[in-house]
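Everything on this sheet refers to the single structure shown next.
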Amino acid sequence: MEKITKKEDELLNIFWDNGPMFVKEILELLPEPKPHFNTISTMVRSLEAKGYVSHKAYGTSYQYFATVQRSDFGRRTLKNIIKEYFGNSYKNAVSALVDDGELSTDEIKELLEQVEKQD
């Protein structure tokens with residue numbers, strides 16, 4: 001799937017958190033200063049063109065909904081990050097987390113136990 005912008009990511013999270021929505025409803029959830037209705041509509045249609053969102057027609061109005069689950073999106077995003085920034089090495093990615101103190105010894109042990117169970 002195509003990459004999305006930060007603003008598109010924010011909209012996708014709104015769909016995941018709230019379910020199907022009309023553009024007007026999305027606009028109500030956004031903080032001030034609110035973007036123009038047409039701006040949100042264009043961004044939602046962009047997400048639809050990229051395959052992340054679809055719609056159901058109600059007369060001349062469209063209710064949009066996410067077509068990809070948050071967990072699947074997260075996994076794909078993580079794979080892309082590892083590919084682009086860590087030489088496609090999961091070891092390098094985990095090493096960076098360890099080096100930065102993001103993983104505790106207990107968490108590393110849990111991960112090792114998880115790997116051993118899969119063998």
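The way I read the labels, and the way they are meant: chains A, B, ... in the order of the structure tokens, residue 1 as the first residue of every chain, and ligand 1 as the first ligand shown, with later ones counted on from there.
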Checklist line | Contacts of A:Ser46 at 12 Å (only C-alpha atoms; same-chain gap of 6+ positions) as a list in words | finding: Glu2, Lys3, Ile4, Thr5, Lys7, Glu8, Asp9, Leu11, Leu12, Thr39, Ile40, Tyr52, Val53, Ser54 and Tyr64 of chain A
Checklist line | Picked from stretch 32-63 of chain A by DSSP as strand (DSSP E or B), as a ChimeraX atom specification | finding: /A:53-58,61-63
Next item on the list: Apply DSSP to the structure's backbone, then extract all residues of stretch 66-103 of chain A labelled alpha helix (DSSP H) and return them as a PyMOL selection string.
Entry: chain A and resi 70-85+90-99
Output the selection as an mmCIF file, in the first residue's frame - N, CA and C atoms for each residue.
data_model
loop_
_atom_site.group_PDB
_atom_site.id
_atom_site.type_symbol
_atom_site.label_atom_id
_atom_site.label_comp_id
_atom_site.auth_asym_id
_atom_site.auth_seq_id
_atom_site.Cartn_x
_atom_site.Cartn_y
_atom_site.Cartn_z
ATOM 1 N N ARG A 70 -5.990 -1.391 12.402
ATOM 2 C CA ARG A 70 -4.866 -0.672 13.010
ATOM 3 C C ARG A 70 -3.657 -1.589 13.185
ATOM 4 N N SER A 71 -3.870 -2.810 13.673
ATOM 5 C CA SER A 71 -2.754 -3.734 13.921
ATOM 6 C C SER A 71 -2.051 -4.121 12.621
ATOM 7 N N ASP A 72 -2.811 -4.361 11.553
ATOM 8 C CA ASP A 72 -2.199 -4.699 10.262
ATOM 9 C C ASP A 72 -1.403 -3.522 9.714
ATOM 10 N N PHE A 73 -1.975 -2.333 9.852
ATOM 11 C CA PHE A 73 -1.282 -1.127 9.402
ATOM 12 C C PHE A 73 0.023 -0.940 10.175
ATOM 13 N N GLY A 74 -0.039 -1.153 11.486
ATOM 14 C CA GLY A 74 1.154 -1.023 12.324
ATOM 15 C C GLY A 74 2.250 -1.997 11.924
ATOM 16 N N ARG A 75 1.872 -3.224 11.658
ATOM 17 C CA ARG A 75 2.864 -4.224 11.240
ATOM 18 C C ARG A 75 3.518 -3.849 9.912
ATOM 19 N N ARG A 76 2.686 -3.418 8.951
ATOM 20 C CA ARG A 76 3.239 -3.018 7.659
ATOM 21 C C ARG A 76 4.151 -1.807 7.793
ATOM 22 N N THR A 77 3.746 -0.869 8.628
ATOM 23 C CA THR A 77 4.548 0.336 8.837
ATOM 24 C C THR A 77 5.881 -0.031 9.485
ATOM 25 N N LEU A 78 5.836 -0.912 10.475
ATOM 26 C CA LEU A 78 7.060 -1.344 11.145
ATOM 27 C C LEU A 78 7.993 -2.040 10.156
ATOM 28 N N LYS A 79 7.452 -2.905 9.322
ATOM 29 C CA LYS A 79 8.278 -3.591 8.316
ATOM 30 C C LYS A 79 8.941 -2.578 7.386
ATOM 31 N N ASN A 80 8.192 -1.558 6.973
ATOM 32 C CA ASN A 80 8.759 -0.531 6.096
ATOM 33 C C ASN A 80 9.858 0.260 6.792
ATOM 34 N N ILE A 81 9.654 0.583 8.065
ATOM 35 C CA ILE A 81 10.670 1.329 8.823
ATOM 36 C C ILE A 81 11.941 0.493 8.956
ATOM 37 N N ILE A 82 11.776 -0.768 9.273
ATOM 38 C CA ILE A 82 12.941 -1.652 9.420
ATOM 39 C C ILE A 82 13.669 -1.776 8.083
ATOM 40 N N LYS A 83 12.928 -1.887 7.012
ATOM 41 C CA LYS A 83 13.532 -1.991 5.688
ATOM 42 C C LYS A 83 14.296 -0.718 5.327
ATOM 43 N N GLU A 84 13.658 0.441 5.542
ATOM 44 C CA GLU A 84 14.242 1.716 5.116
ATOM 45 C C GLU A 84 15.357 2.225 6.018
ATOM 46 N N TYR A 85 15.226 2.021 7.333
ATOM 47 C CA TYR A 85 16.147 2.662 8.260
ATOM 48 C C TYR A 85 17.094 1.721 8.984
ATOM 49 N N TYR A 90 15.970 -6.879 11.429
ATOM 50 C CA TYR A 90 15.205 -6.784 12.673
ATOM 51 C C TYR A 90 16.149 -6.744 13.864
ATOM 52 N N LYS A 91 17.278 -7.422 13.740
ATOM 53 C CA LYS A 91 18.285 -7.404 14.807
ATOM 54 C C LYS A 91 18.779 -5.977 15.028
ATOM 55 N N ASN A 92 19.069 -5.267 13.948
ATOM 56 C CA ASN A 92 19.524 -3.877 14.081
ATOM 57 C C ASN A 92 18.457 -2.997 14.727
ATOM 58 N N ALA A 93 17.190 -3.241 14.390
ATOM 59 C CA ALA A 93 16.107 -2.453 14.973
ATOM 60 C C ALA A 93 15.997 -2.715 16.474
ATOM 61 N N VAL A 94 16.041 -3.975 16.868
ATOM 62 C CA VAL A 94 15.960 -4.313 18.293
ATOM 63 C C VAL A 94 17.192 -3.803 19.023
ATOM 64 N N SER A 95 18.356 -3.908 18.397
ATOM 65 C CA SER A 95 19.587 -3.400 19.010
ATOM 66 C C SER A 95 19.496 -1.906 19.282
ATOM 67 N N ALA A 96 18.892 -1.181 18.358
ATOM 68 C CA ALA A 96 18.723 0.259 18.558
ATOM 69 C C ALA A 96 17.830 0.525 19.763
ATOM 70 N N LEU A 97 16.791 -0.270 19.944
ATOM 71 C CA LEU A 97 15.909 -0.112 21.101
ATOM 72 C C LEU A 97 16.640 -0.430 22.398
ATOM 73 N N VAL A 98 17.483 -1.445 22.361
ATOM 74 C CA VAL A 98 18.273 -1.814 23.547
ATOM 75 C C VAL A 98 19.276 -0.711 23.859
ATOM 76 N N ASP A 99 19.988 -0.258 22.832
ATOM 77 C CA ASP A 99 20.993 0.795 23.018
ATOM 78 C C ASP A 99 20.384 2.082 23.579
#
Margin query: What's the separation between atom CA of A:Pro35 and atom CA of A:Lys6, in Å to one decimal place?
Written below: 14.7 Å
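The gap separating atom CA of A:His55 from atom CA of A:Pro20 is 8.5 Å, in Å to one decimal.
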Check: Using only C-alpha atoms, which residues sit within 12 Å of stretch 24-30 of chain A once same-chain residues fewer than 2 positions away are excluded, as a PyMOL selection string?
Finding: chain A and resi 7+10-22+32-41+43-44+61-65
